[in-house]
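Heads up: the structure comes next, in structure tokens.
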2 protein chains.
Amino acid sequence: MTISTKARDGDDDRSASERKDRPAPTLASIADRVGVSVNTVSRALRAPNTVRVELRKRINVAMEELNYVPNRLAGGLSGTRTDIVGVVVTSLYYSEFASIIDTLQSSLLEHDLQVMLANTRYNPDQEMKLVRSILSWRPAAVAIIGIDHPPKVVELLKSSGIPIIEMWDTSGPVIDTAIGFDHQAVGAAQARHLIDRGYRKLAFVGSLRENDRRARKRLFGLETEAVKAGIAPVVTCTEPIGGSPDLGEKLALDLLQTHPGIDAIVCNSDVVAFGVMRGLRKLGKRVPEDIGVMAFGDNEAAACITPPLTTIRPDRERIGRLTADAIVARINGGEPQTTIVDWKLVARQSTQRDTVEPTDAG
Amino acid sequence: MTISTKARDGDDDRSASERKDRPAPTLASIADRVGVSVNTVSRALRAPNTVRVELRKRINVAMEELNYVPNRLAGGLSGTRTDIVGVVVTSLYYSEFASIIDTLQSSLLEHDLQVMLANTRYNPDQEMKLVRSILSWRPAAVAIIGIDHPPKVVELLKSSGIPIIEMWDTSGPVIDTAIGFDHQAVGAAQARHLIDRGYRKLAFVGSLRENDRRARKRLFGLETEAVKAGIAPVVTCTEPIGGSPDLGEKLALDLLQTHPGIDAIVCNSDVVAFGVMRGLRKLGKRVPEDIGVMAFGDNEAAACITPPLTTIRPDRERIGRLTADAIVARINGGEPQTTIVDWKLVARQSTQRDTVEPTDAG
DNA sequence: TTGAAAGCGATACCAG
DNA sequence: CTGGTATCGCTTTCAA
């Protein structure tokens, strides 16, 4: 439904001063109006105590009256650097990185740093395009999800000469500074948890995009640990599309049809697990008695579904905050470093098997 | 855990060309190297067919070799406008707006428009600060959540002279262009749904921040419709903090203690409802038989919890896409307009009462 | 098809 | 404490 609005903005006489096409006021406008030099106005803004109080006041009044907003394009061009921080994520859905961004951006705000956001949607071509685009704004730093980027992206980021903070994953070579954790270790922990609870026939289910390197690392950890424990190989049942409950349900049905013996399912994300559990319910399978289910992410609903979902909780707030800290530190000449942020395996009912079989069962 | 990394970037001989402090290449560097004027290089970039093919090729090669990234600060300063779109949201948590941003940013990308993100966290002072900050980058347009902004913010946005798209809410006066829906109507629909199912003692539960005007509109619609139906006044039980399952559980316990007669709960958001249902379970109340629960948002888990949650599904993707369209249209001289985007009441089991009492019961 | 020169709006350095 | 002036990197006439 579309309603066309008469484009009148006039509630009162102020509307005249809100004309759309008048050029935006500049430092010069203010200077003229107050009768000082551009330069003084600029200083009144950036170093107020170098300007006489009385003058400063008049300048502020003039700025107020004209609704002056500084032009940071000009500022950035002449100054040493901008206050932009480029933030590149691979997804915005399902809380995956939302709270990292939330924490990051509010922490940066305290340092008057502005976030410029880009979302690659796990597409490396788009990553290239977006990184170029962000660099073209001459940001003070770039924070980016992951450590596995196309070589050209790495080259571009390196040659930019600004601090690059890679978030979320630390398992591998890093450009500059990284803050995250080892996803392979997560996969191994998932396997161990299930094996300890007596599960023996593991499956990995969910969204697995070509370029979701982290998911592949977790899967690798899972498989490696399973081999180490001498149990059956991990069955994988995935689709290269975004995770969702519907996908989880579909894959659960597929999986149980082809591999009825499965007794534990590791989901790539909580939202997939939600659907998997719904699917299992439809099949008459009990969780956790017949089949254990665990996942990765600790979605806000994980503790509220039935049964509550065992999952991995990465400390997203911490990653966001530490990334902001690292950016500020690096800008001020600090050294690059890699920081591992702890995650937790939150054991809930979905893997709470009453009967623990002996470990030599498989 | 912190691991300090030796800051050597050298995997190979390329590292020399990746020195950090060499000034970034400019159009002039390219021009020099190719032996043409700055301006030719500029044209090769923006209007390739005005440059001889052979020359264009050599220019492209030079750009590749130097890893040239245009400086858009300079471009924006001299050109007519930038390719930045400012996006101001009130929250990034819990999928509330994530998929709007996701869709918006990928739609904008098709038009080579770059998102600059700001998150006010429902804080009007921060909103002011962030809007100023965004405007200082001379964006081509601004998209912002909501239509209720502090007067100063409205003034600033109006006087900026650029297209302003207000998203999510359309119930009230608008600055320029709006895309969203009527939240009061949502509240009314929630009331009607519950009343039709035979519920009579309604409560409104959840996060209710001072500046979440949309939530207040929904509550108002709920109350108004309840009055119209002649049933008991709506009991409200809220906290001025962000919504979460834990908050929902706590409020549910509070509510039932003070108002044991309540037979239906409307939650301000799905995540709160998740907690409310957990709380009710602890109290031994059955949903939907003893108490109906519905919410707003259609979180990805809403259909997966037990019982599946009746809720309102706003069409976030559509809002995101239409906002991008509107931005492009307005930039190209289109007229401002207000567009209502439909939402759906998704009836699930959490309000599925078997026994429907006669409507004159209350 | 190409080049020279004048801004864009701030900052920074150096005088006064 | 205040005011010139060069400068940042690019776009945009206007000539050649």
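Just remember, in the structure tokens the first chain shown is A, the second B, etc., residues are 1-based per chain, and ligands are 1-based in the order shown.
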
Please provide chain A as a compact mmCIF listing (two decimals) with C-alpha atoms, in the first residue's frame, once it has been superposed on chain B by least squares across all sequentially paired Cα atoms.
# COMPACT_ATOMS: atom_id res chain seq x y z
CA MET A 1 44.72 -15.29 26.73
CA THR A 2 47.02 -13.08 24.72
CA ILE A 3 49.69 -14.19 22.33
CA SER A 4 51.97 -11.57 20.99
CA THR A 5 52.71 -12.10 17.36
CA LYS A 6 55.92 -11.06 15.74
CA ALA A 7 54.71 -8.41 13.38
CA ARG A 8 56.44 -9.84 10.33
CA ASP A 9 54.16 -10.22 7.38
CA GLY A 10 56.74 -11.82 5.11
CA ASP A 11 55.66 -15.08 3.59
CA ASP A 12 57.53 -14.13 0.44
CA ASP A 13 59.31 -11.30 -1.32
CA ARG A 14 56.04 -9.47 -1.80
CA SER A 15 56.31 -8.19 1.71
CA ALA A 16 58.55 -5.38 0.57
CA SER A 17 55.77 -3.96 -1.51
CA GLU A 18 53.46 -4.18 1.47
CA ARG A 19 55.31 -1.77 3.70
CA LYS A 20 53.01 -0.02 6.02
CA ASP A 21 54.12 3.58 5.86
CA ARG A 22 54.43 4.23 2.15
CA PRO A 23 51.80 6.82 1.29
CA ALA A 24 48.81 5.39 -0.52
CA PRO A 25 48.99 5.72 -4.31
CA THR A 26 46.93 8.52 -5.76
CA LEU A 27 45.58 9.24 -9.18
CA ALA A 28 48.69 11.30 -9.70
CA SER A 29 50.95 8.33 -8.99
CA ILE A 30 49.16 6.38 -11.66
CA ALA A 31 49.26 9.28 -14.07
CA ASP A 32 52.99 9.71 -13.58
CA ARG A 33 53.70 6.06 -14.04
CA VAL A 34 51.68 5.82 -17.24
CA GLY A 35 52.74 9.23 -18.49
CA VAL A 36 49.34 10.82 -18.85
CA SER A 37 47.45 13.50 -16.96
CA VAL A 38 45.61 12.92 -13.72
CA ASN A 39 42.52 13.77 -15.54
CA THR A 40 42.76 10.98 -18.04
CA VAL A 41 43.23 8.47 -15.30
CA SER A 42 40.17 9.80 -13.56
CA ARG A 43 38.17 9.42 -16.74
CA ALA A 44 39.51 5.94 -17.35
CA LEU A 45 37.88 5.12 -14.06
CA ARG A 46 34.53 6.82 -14.34
CA ALA A 47 33.94 6.88 -18.09
CA PRO A 48 36.21 4.23 -19.60
CA ASN A 49 34.92 4.65 -23.14
CA THR A 50 36.25 8.18 -23.32
CA VAL A 51 39.78 6.87 -23.13
CA ARG A 52 41.73 5.06 -25.85
CA VAL A 53 41.72 1.32 -25.31
CA GLU A 54 45.45 0.94 -25.27
CA LEU A 55 45.85 3.72 -22.75
CA ARG A 56 43.07 2.39 -20.61
CA LYS A 57 44.82 -0.93 -20.46
CA ARG A 58 48.11 0.57 -19.32
CA ILE A 59 46.26 2.58 -16.72
CA ASN A 60 44.51 -0.48 -15.38
CA VAL A 61 47.78 -2.35 -15.19
CA ALA A 62 49.36 0.48 -13.25
CA MET A 63 46.43 0.54 -10.85
CA GLU A 64 46.71 -3.17 -10.32
CA GLU A 65 50.43 -2.97 -9.70
CA LEU A 66 50.18 -0.17 -7.22
CA ASN A 67 47.08 -1.58 -5.52
CA TYR A 68 45.36 1.67 -6.15
CA VAL A 69 42.27 2.38 -4.12
CA PRO A 70 40.45 5.60 -4.98
CA ASN A 71 40.17 8.18 -2.24
CA ARG A 72 36.49 8.81 -1.90
CA LEU A 73 37.00 11.57 0.59
CA ALA A 74 38.48 13.57 -2.22
CA GLY A 75 35.89 12.29 -4.64
CA GLY A 76 33.05 13.15 -2.36
CA LEU A 77 34.43 16.55 -1.61
CA SER A 78 34.77 17.62 -5.21
CA GLY A 79 31.88 15.67 -6.64
CA THR A 80 28.24 16.41 -6.15
CA ARG A 81 27.54 13.78 -3.57
CA THR A 82 28.84 10.69 -1.85
CA ASP A 83 27.72 7.10 -2.10
CA ILE A 84 27.19 6.76 1.59
CA VAL A 85 23.82 5.95 3.06
CA GLY A 86 23.52 6.50 6.78
CA VAL A 87 21.51 3.84 8.57
CA VAL A 88 20.37 4.50 12.12
CA VAL A 89 18.82 1.70 14.14
CA THR A 90 17.75 1.47 17.76
CA SER A 91 19.00 -2.03 18.40
CA LEU A 92 21.04 -4.78 16.86
CA TYR A 93 20.08 -7.58 19.18
CA TYR A 94 17.84 -10.55 18.64
CA SER A 95 17.12 -10.21 14.96
CA GLU A 96 14.97 -7.21 15.72
CA PHE A 97 16.32 -5.21 12.81
CA ALA A 98 19.17 -7.38 11.59
CA SER A 99 17.38 -8.64 8.54
CA ILE A 100 16.23 -5.16 7.61
CA ILE A 101 19.83 -4.05 7.61
CA ASP A 102 20.91 -7.17 5.78
CA THR A 103 18.43 -6.69 2.97
CA LEU A 104 18.88 -2.95 2.88
CA GLN A 105 22.61 -3.11 2.61
CA SER A 106 22.70 -5.76 -0.07
CA SER A 107 20.07 -3.93 -2.09
CA LEU A 108 22.02 -0.71 -1.77
CA LEU A 109 25.17 -2.47 -2.85
CA GLU A 110 23.61 -3.09 -6.24
CA HIS A 111 23.56 0.66 -6.64
CA ASP A 112 27.07 1.03 -5.25
CA LEU A 113 25.80 2.67 -2.14
CA GLN A 114 27.69 2.06 1.05
CA VAL A 115 26.08 1.71 4.46
CA MET A 116 27.31 3.70 7.40
CA LEU A 117 25.72 2.21 10.48
CA ALA A 118 24.77 3.74 13.78
CA ASN A 119 22.99 2.13 16.71
CA THR A 120 21.28 4.37 19.21
CA ARG A 121 20.31 1.64 21.66
CA TYR A 122 17.09 3.55 22.28
CA ASN A 123 19.02 6.49 23.66
CA PRO A 124 17.86 9.85 22.27
CA ASP A 125 21.04 11.68 23.23
CA GLN A 126 23.04 9.13 21.38
CA GLU A 127 20.64 9.44 18.49
CA MET A 128 21.45 13.13 18.28
CA LYS A 129 25.15 12.51 18.41
CA LEU A 130 25.02 9.74 15.85
CA VAL A 131 22.85 11.61 13.40
CA ARG A 132 25.22 14.57 13.51
CA SER A 133 28.12 12.27 13.01
CA ILE A 134 26.54 10.57 10.06
CA LEU A 135 25.49 13.82 8.45
CA SER A 136 29.04 15.02 8.74
CA TRP A 137 29.95 12.45 6.11
CA ARG A 138 27.56 14.09 3.70
CA PRO A 139 25.61 10.93 2.95
CA ALA A 140 23.39 10.70 -0.08
CA ALA A 141 20.49 9.68 2.17
CA VAL A 142 19.66 8.56 5.68
CA ALA A 143 17.48 5.64 6.68
CA ILE A 144 16.40 5.63 10.29
CA ILE A 145 14.24 3.43 12.48
CA GLY A 146 11.08 5.05 13.75
CA ILE A 147 9.29 8.32 13.31
CA ASP A 148 9.55 9.66 16.84
CA HIS A 149 12.77 11.54 17.16
CA PRO A 150 13.84 14.40 19.39
CA PRO A 151 12.88 17.72 17.75
CA LYS A 152 16.51 18.67 17.30
CA VAL A 153 17.17 15.46 15.38
CA VAL A 154 14.22 16.13 13.12
CA GLU A 155 15.44 19.64 12.50
CA LEU A 156 18.91 18.43 11.68
CA LEU A 157 17.66 15.76 9.32
CA LYS A 158 15.31 18.17 7.60
CA SER A 159 17.91 20.83 7.17
CA SER A 160 20.36 18.38 5.69
CA GLY A 161 18.42 18.53 2.46
CA ILE A 162 18.93 14.86 1.68
CA PRO A 163 16.27 12.14 1.43
CA ILE A 164 15.33 10.77 4.84
CA ILE A 165 13.62 7.41 4.96
CA GLU A 166 11.94 6.49 8.22
CA MET A 167 11.49 2.77 8.64
CA TRP A 168 9.36 0.44 10.71
CA ASP A 169 6.70 2.84 11.91
CA THR A 170 4.31 4.93 9.85
CA SER A 171 1.77 5.95 12.43
CA GLY A 172 2.33 9.65 12.70
CA PRO A 173 3.90 12.65 11.02
CA VAL A 174 6.87 11.86 8.85
CA ILE A 175 9.95 13.83 7.82
CA ASP A 176 10.12 12.84 4.21
CA THR A 177 9.50 9.23 3.23
CA ALA A 178 8.40 6.38 5.45
CA ILE A 179 8.14 2.64 5.07
CA GLY A 180 6.63 0.55 7.79
CA PHE A 181 3.33 -0.12 9.47
CA ASP A 182 0.91 1.01 12.13
CA HIS A 183 1.92 -0.39 15.48
CA GLN A 184 -1.30 0.56 17.16
CA ALA A 185 -3.13 -1.62 14.66
CA VAL A 186 -0.83 -4.47 15.63
CA GLY A 187 -1.79 -4.08 19.25
CA ALA A 188 -5.45 -4.00 18.34
CA ALA A 189 -5.06 -7.17 16.29
CA GLN A 190 -3.36 -8.89 19.18
CA ALA A 191 -6.26 -8.00 21.47
CA ARG A 192 -8.84 -9.12 18.97
CA HIS A 193 -7.07 -12.42 18.40
CA LEU A 194 -7.02 -13.21 22.08
CA ILE A 195 -10.55 -12.09 22.69
CA ASP A 196 -11.77 -14.18 19.77
CA ARG A 197 -10.08 -17.18 21.29
CA GLY A 198 -11.93 -16.65 24.53
CA TYR A 199 -9.25 -15.03 26.62
CA ARG A 200 -10.53 -12.26 28.88
CA LYS A 201 -7.91 -11.15 31.39
CA LEU A 202 -5.09 -9.71 29.32
CA ALA A 203 -1.64 -8.65 30.42
CA PHE A 204 1.18 -6.90 28.58
CA VAL A 205 4.62 -8.08 29.57
CA GLY A 206 8.16 -7.30 28.57
CA SER A 207 10.79 -4.75 27.93
CA LEU A 208 9.35 -1.28 27.67
CA ARG A 209 11.96 1.38 27.31
CA GLU A 210 11.16 5.01 27.73
CA ASN A 211 11.91 5.65 24.10
CA ASP A 212 10.49 2.60 22.48
CA ARG A 213 7.59 4.50 21.04
CA ARG A 214 6.53 1.62 18.84
CA ALA A 215 6.01 -0.67 21.81
CA ARG A 216 3.91 2.00 23.45
CA LYS A 217 1.78 2.33 20.36
CA ARG A 218 1.19 -1.41 20.30
CA LEU A 219 0.27 -1.36 23.97
CA PHE A 220 -2.10 1.50 23.34
CA GLY A 221 -3.77 -0.43 20.54
CA LEU A 222 -4.09 -3.41 22.81
CA GLU A 223 -5.69 -1.39 25.58
CA THR A 224 -7.99 0.47 23.27
CA GLU A 225 -9.28 -2.71 21.73
CA ALA A 226 -9.75 -4.31 25.12
CA VAL A 227 -11.82 -1.36 26.29
CA LYS A 228 -13.81 -1.54 23.11
CA ALA A 229 -14.58 -5.20 23.84
CA GLY A 230 -15.64 -4.29 27.33
CA ILE A 231 -13.24 -6.62 29.10
CA ALA A 232 -11.04 -5.99 32.12
CA PRO A 233 -8.29 -3.43 31.73
CA VAL A 234 -4.95 -4.71 30.49
CA VAL A 235 -2.46 -5.34 33.28
CA THR A 236 1.03 -4.20 32.35
CA CYS A 237 4.15 -5.67 33.81
CA THR A 238 7.29 -4.25 32.24
CA GLU A 239 10.86 -3.20 32.80
CA PRO A 240 12.68 -0.38 31.00
CA ILE A 241 15.52 -2.63 29.92
CA GLY A 242 16.27 -4.78 26.90
CA GLY A 243 14.10 -7.84 26.37
CA SER A 244 15.42 -11.31 27.07
CA PRO A 245 14.10 -14.72 28.07
CA ASP A 246 15.29 -14.17 31.62
CA LEU A 247 13.37 -10.93 31.84
CA GLY A 248 10.29 -12.69 30.50
CA GLU A 249 10.54 -15.44 33.08
CA LYS A 250 10.95 -13.00 35.91
CA LEU A 251 8.05 -10.84 34.81
CA ALA A 252 5.80 -13.85 34.33
CA LEU A 253 6.40 -14.92 37.92
CA ASP A 254 5.82 -11.37 39.19
CA LEU A 255 2.69 -11.04 37.16
CA LEU A 256 1.05 -14.27 38.21
CA GLN A 257 1.82 -13.53 41.82
CA THR A 258 0.10 -10.17 41.79
CA HIS A 259 -2.58 -11.04 39.24
CA PRO A 260 -3.35 -14.74 39.42
CA GLY A 261 -6.46 -14.29 37.32
CA ILE A 262 -4.62 -13.42 34.11
CA ASP A 263 -5.48 -15.74 31.25
CA ALA A 264 -3.52 -14.23 28.36
CA ILE A 265 -0.15 -12.57 28.06
CA VAL A 266 0.97 -10.36 25.21
CA CYS A 267 4.74 -10.05 25.10
CA ASN A 268 6.55 -7.13 23.63
CA SER A 269 8.90 -9.48 21.79
CA ASP A 270 9.30 -13.14 21.05
CA VAL A 271 12.39 -13.56 23.17
CA VAL A 272 10.47 -12.30 26.17
CA ALA A 273 7.70 -14.75 25.36
CA PHE A 274 10.20 -17.60 25.35
CA GLY A 275 11.03 -16.79 28.94
CA VAL A 276 7.42 -16.19 29.89
CA MET A 277 6.50 -19.66 28.73
CA ARG A 278 9.38 -21.14 30.67
CA GLY A 279 8.18 -19.28 33.74
CA LEU A 280 4.61 -20.45 33.30
CA ARG A 281 5.82 -24.02 32.99
CA LYS A 282 7.59 -23.65 36.31
CA LEU A 283 4.37 -22.41 37.85
CA GLY A 284 2.52 -25.42 36.51
CA LYS A 285 0.40 -23.33 34.17
CA ARG A 286 -0.47 -24.88 30.85
CA VAL A 287 -0.14 -22.86 27.63
CA PRO A 288 -2.51 -22.36 25.89
CA GLU A 289 -5.15 -24.04 28.10
CA ASP A 290 -4.68 -22.00 31.25
CA ILE A 291 -2.96 -19.02 29.77
CA GLY A 292 -2.55 -17.90 26.21
CA VAL A 293 0.75 -16.32 25.14
CA MET A 294 1.45 -14.28 22.09
CA ALA A 295 4.18 -11.90 21.06
CA PHE A 296 5.61 -9.65 18.41
CA GLY A 297 8.49 -10.19 16.03
CA ASP A 298 8.44 -13.75 14.74
CA ASN A 299 11.86 -14.72 15.88
CA GLU A 300 13.38 -17.64 14.01
CA ALA A 301 12.73 -19.90 17.00
CA ALA A 302 9.08 -18.95 17.48
CA ALA A 303 7.81 -21.91 15.49
CA CYS A 304 10.20 -24.33 17.18
CA ILE A 305 9.52 -23.86 20.85
CA THR A 306 6.86 -25.72 22.80
CA PRO A 307 4.15 -24.79 22.24
CA PRO A 308 4.80 -22.93 19.00
CA LEU A 309 4.34 -19.23 19.59
CA THR A 310 1.58 -17.12 18.13
CA THR A 311 3.16 -13.87 17.07
CA ILE A 312 3.22 -10.97 14.66
CA ARG A 313 5.49 -11.25 11.66
CA PRO A 314 6.57 -7.90 10.22
CA ASP A 315 7.96 -8.21 6.72
CA ARG A 316 11.49 -7.07 7.46
CA GLU A 317 12.96 -8.10 4.13
CA ARG A 318 10.33 -6.12 2.33
CA ILE A 319 10.95 -3.06 4.45
CA GLY A 320 14.68 -3.34 3.78
CA ARG A 321 14.23 -3.71 0.08
CA LEU A 322 11.61 -1.00 -0.27
CA THR A 323 13.78 1.33 1.74
CA ALA A 324 16.65 0.76 -0.66
CA ASP A 325 14.29 1.36 -3.57
CA ALA A 326 12.97 4.52 -1.99
CA ILE A 327 16.46 5.82 -1.38
CA VAL A 328 17.45 5.30 -4.98
CA ALA A 329 14.19 6.81 -6.20
CA ARG A 330 14.47 9.86 -3.98
CA ILE A 331 18.09 10.43 -4.94
CA ASN A 332 17.00 10.42 -8.55
CA GLY A 333 14.33 13.00 -7.93
CA GLY A 334 11.37 10.84 -7.01
CA GLU A 335 8.67 12.18 -4.71
CA PRO A 336 8.48 11.42 -1.00
CA GLN A 337 5.82 8.91 -0.09
CA THR A 338 4.68 6.75 2.76
CA THR A 339 4.41 3.04 2.16
CA ILE A 340 2.61 0.64 4.44
CA VAL A 341 4.13 -2.80 4.53
CA ASP A 342 1.82 -5.60 5.55
CA TRP A 343 2.46 -7.74 8.59
CA LYS A 344 0.86 -11.04 9.51
CA LEU A 345 -0.57 -12.42 12.67
CA VAL A 346 0.82 -15.95 12.69
CA ALA A 347 -1.54 -18.02 14.81
CA ARG A 348 0.18 -20.98 16.39
CA GLN A 349 -0.53 -23.25 19.27
CA SER A 350 0.29 -20.93 22.15
CA THR A 351 -3.10 -19.25 21.82
CA GLN A 352 -5.00 -22.29 20.55
CA ARG A 353 -7.61 -22.72 23.19
CA ASP A 354 -9.94 -25.63 22.67
CA THR A 355 -12.86 -24.27 24.62
CA VAL A 356 -14.08 -20.97 23.34
CA GLU A 357 -16.08 -19.16 25.95
CA PRO A 358 -18.96 -16.95 24.91
CA THR A 359 -17.89 -13.39 24.37
CA ASP A 360 -20.03 -11.99 27.15
CA ALA A 361 -18.13 -13.92 29.77
CA GLY A 362 -15.87 -11.04 30.86

Every residue of region 104-314 of chain A that DSSP places in alpha helix (DSSP H), as JSON, numbers by chain: {"A": [104, 105, 106, 107, 108, 109, 124, 125, 126, 127, 128, 129, 130, 131, 132, 133, 134, 135, 151, 152, 153, 154, 155, 156, 157, 158, 159, 160, 183, 184, 185, 186, 187, 188, 189, 190, 191, 192, 193, 194, 195, 196, 213, 214, 215, 216, 217, 218, 219, 220, 221, 222, 223, 224, 225, 226, 227, 228, 245, 246, 247, 248, 249, 250, 251, 252, 253, 254, 255, 256, 257, 258, 270, 271, 272, 273, 274, 275, 276, 277, 278, 279, 280, 281, 282]}

For the residues in the current selection, export C-alpha atoms as an mmCIF file, in the first residue's frame.
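As a result, out-v6.cif now contains:
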data_model
loop_
_atom_site.group_PDB
_atom_site.id
_atom_site.type_symbol
_atom_site.label_atom_id
_atom_site.label_comp_id
_atom_site.auth_asym_id
_atom_site.auth_seq_id
_atom_site.Cartn_x
_atom_site.Cartn_y
_atom_site.Cartn_z
ATOM 1 C CA LEU A 104 31.957 -3.142 18.912
ATOM 2 C CA GLN A 105 30.122 -0.126 17.653
ATOM 3 C CA SER A 106 29.147 1.182 21.054
ATOM 4 C CA SER A 107 32.663 0.705 22.351
ATOM 5 C CA LEU A 108 34.053 2.515 19.341
ATOM 6 C CA LEU A 109 31.604 5.330 19.855
ATOM 7 C CA PRO A 124 34.314 -13.906 -1.563
ATOM 8 C CA ASP A 125 33.766 -11.771 -4.651
ATOM 9 C CA GLN A 126 31.595 -9.493 -2.651
ATOM 10 C CA GLU A 127 34.191 -9.501 0.074
ATOM 11 C CA MET A 128 36.717 -8.163 -2.405
ATOM 12 C CA LYS A 129 34.381 -5.492 -3.629
ATOM 13 C CA LEU A 130 33.365 -4.442 -0.150
ATOM 14 C CA VAL A 131 36.871 -4.307 1.224
ATOM 15 C CA ARG A 132 37.940 -2.076 -1.660
ATOM 16 C CA SER A 133 34.961 0.097 -1.090
ATOM 17 C CA ILE A 134 35.641 0.438 2.588
ATOM 18 C CA LEU A 135 39.314 1.145 2.074
ATOM 19 C CA PRO A 151 44.662 -13.689 -1.371
ATOM 20 C CA LYS A 152 43.798 -10.476 -3.159
ATOM 21 C CA VAL A 153 41.804 -9.284 -0.152
ATOM 22 C CA VAL A 154 44.687 -10.044 2.158
ATOM 23 C CA GLU A 155 47.046 -8.169 -0.108
ATOM 24 C CA LEU A 156 44.752 -5.184 -0.239
ATOM 25 C CA LEU A 157 44.289 -5.106 3.507
ATOM 26 C CA LYS A 158 47.996 -5.467 4.137
ATOM 27 C CA SER A 159 48.944 -2.778 1.695
ATOM 28 C CA SER A 160 46.469 -0.368 3.200
ATOM 29 C CA HIS A 183 37.049 -23.574 15.873
ATOM 30 C CA GLN A 184 38.664 -26.939 15.493
ATOM 31 C CA ALA A 185 38.916 -27.152 19.262
ATOM 32 C CA VAL A 186 35.201 -26.427 19.442
ATOM 33 C CA GLY A 187 34.479 -29.354 17.168
ATOM 34 C CA ALA A 188 36.703 -31.587 19.232
ATOM 35 C CA ALA A 189 34.923 -30.516 22.414
ATOM 36 C CA GLN A 190 31.578 -31.277 20.843
ATOM 37 C CA ALA A 191 32.736 -34.777 19.957
ATOM 38 C CA ARG A 192 34.169 -35.391 23.380
ATOM 39 C CA HIS A 193 31.009 -34.200 25.086
ATOM 40 C CA LEU A 194 28.856 -36.566 23.085
ATOM 41 C CA ILE A 195 31.193 -39.479 23.440
ATOM 42 C CA ASP A 196 31.387 -38.938 27.188
ATOM 43 C CA ARG A 213 35.741 -21.889 6.802
ATOM 44 C CA ARG A 214 34.951 -21.800 10.494
ATOM 45 C CA ALA A 215 32.221 -24.404 10.141
ATOM 46 C CA ARG A 216 34.634 -26.608 8.252
ATOM 47 C CA LYS A 217 37.197 -26.282 10.991
ATOM 48 C CA ARG A 218 34.641 -27.288 13.590
ATOM 49 C CA LEU A 219 33.619 -30.257 11.485
ATOM 50 C CA PHE A 220 37.237 -31.234 11.104
ATOM 51 C CA GLY A 221 37.719 -31.090 14.860
ATOM 52 C CA LEU A 222 34.649 -33.218 15.322
ATOM 53 C CA GLU A 223 35.849 -35.841 12.878
ATOM 54 C CA THR A 224 39.353 -35.888 14.211
ATOM 55 C CA GLU A 225 38.178 -36.429 17.747
ATOM 56 C CA ALA A 226 35.785 -39.142 16.658
ATOM 57 C CA VAL A 227 38.582 -40.987 14.908
ATOM 58 C CA LYS A 228 40.730 -40.580 17.966
ATOM 59 C CA PRO A 245 14.893 -24.280 11.342
ATOM 60 C CA ASP A 246 13.267 -25.473 8.135
ATOM 61 C CA LEU A 247 16.604 -26.577 6.775
ATOM 62 C CA GLY A 248 17.310 -28.397 10.023
ATOM 63 C CA GLU A 249 14.016 -30.236 9.909
ATOM 64 C CA LYS A 250 14.527 -31.288 6.325
ATOM 65 C CA LEU A 251 18.058 -32.490 6.918
ATOM 66 C CA ALA A 252 17.042 -34.405 10.030
ATOM 67 C CA LEU A 253 14.453 -36.336 8.046
ATOM 68 C CA ASP A 254 16.940 -37.002 5.237
ATOM 69 C CA LEU A 255 19.566 -38.108 7.672
ATOM 70 C CA LEU A 256 17.450 -40.526 9.652
ATOM 71 C CA GLN A 257 16.158 -42.057 6.466
ATOM 72 C CA THR A 258 19.594 -42.825 5.113
ATOM 73 C CA ASP A 270 21.347 -23.370 17.029
ATOM 74 C CA VAL A 271 18.630 -22.371 14.600
ATOM 75 C CA VAL A 272 19.304 -25.508 12.604
ATOM 76 C CA ALA A 273 19.113 -27.530 15.806
ATOM 77 C CA PHE A 274 15.707 -26.051 16.545
ATOM 78 C CA GLY A 275 14.444 -27.508 13.304
ATOM 79 C CA VAL A 276 16.275 -30.777 13.779
ATOM 80 C CA MET A 277 14.536 -31.313 17.084
ATOM 81 C CA ARG A 278 11.195 -30.534 15.519
ATOM 82 C CA GLY A 279 11.944 -33.067 12.810
ATOM 83 C CA LEU A 280 12.974 -35.722 15.300
ATOM 84 C CA ARG A 281 9.770 -35.163 17.217
ATOM 85 C CA LYS A 282 7.818 -35.809 14.050
#

Interface list for chain D, partner chain B, 6 Å threshold, only C-alpha atoms (C1' of nucleotides), as a PyMOL selection string: chain D and resi 9-11

Non-local contacts of DC14 (chain C) (12 Å; only C-alpha atoms (C1' of nucleotides); under 6 positions in same chain excluded) as a list in words: DG3, DG4, DT5 and DA6 of chain D

Counting only C-alpha atoms (C1' of nucleotides), chain C residues within 6 Å of chain A, as a ChimeraX atom specification: /C:9-11

Strand (DSSP E) call set, DSSP backbone run, region 75-295 of chain B, as a PyMOL selection string: chain B and resi 84-89+114-119+141-145+164-169+177-181+202-207+235-239+264-267+292-294

One-decimal distance in Å that lies between C1' of DT12 (chain D) and C1' of DA12 (chain C):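 Computing it gives 26.9 Å between the two atoms.
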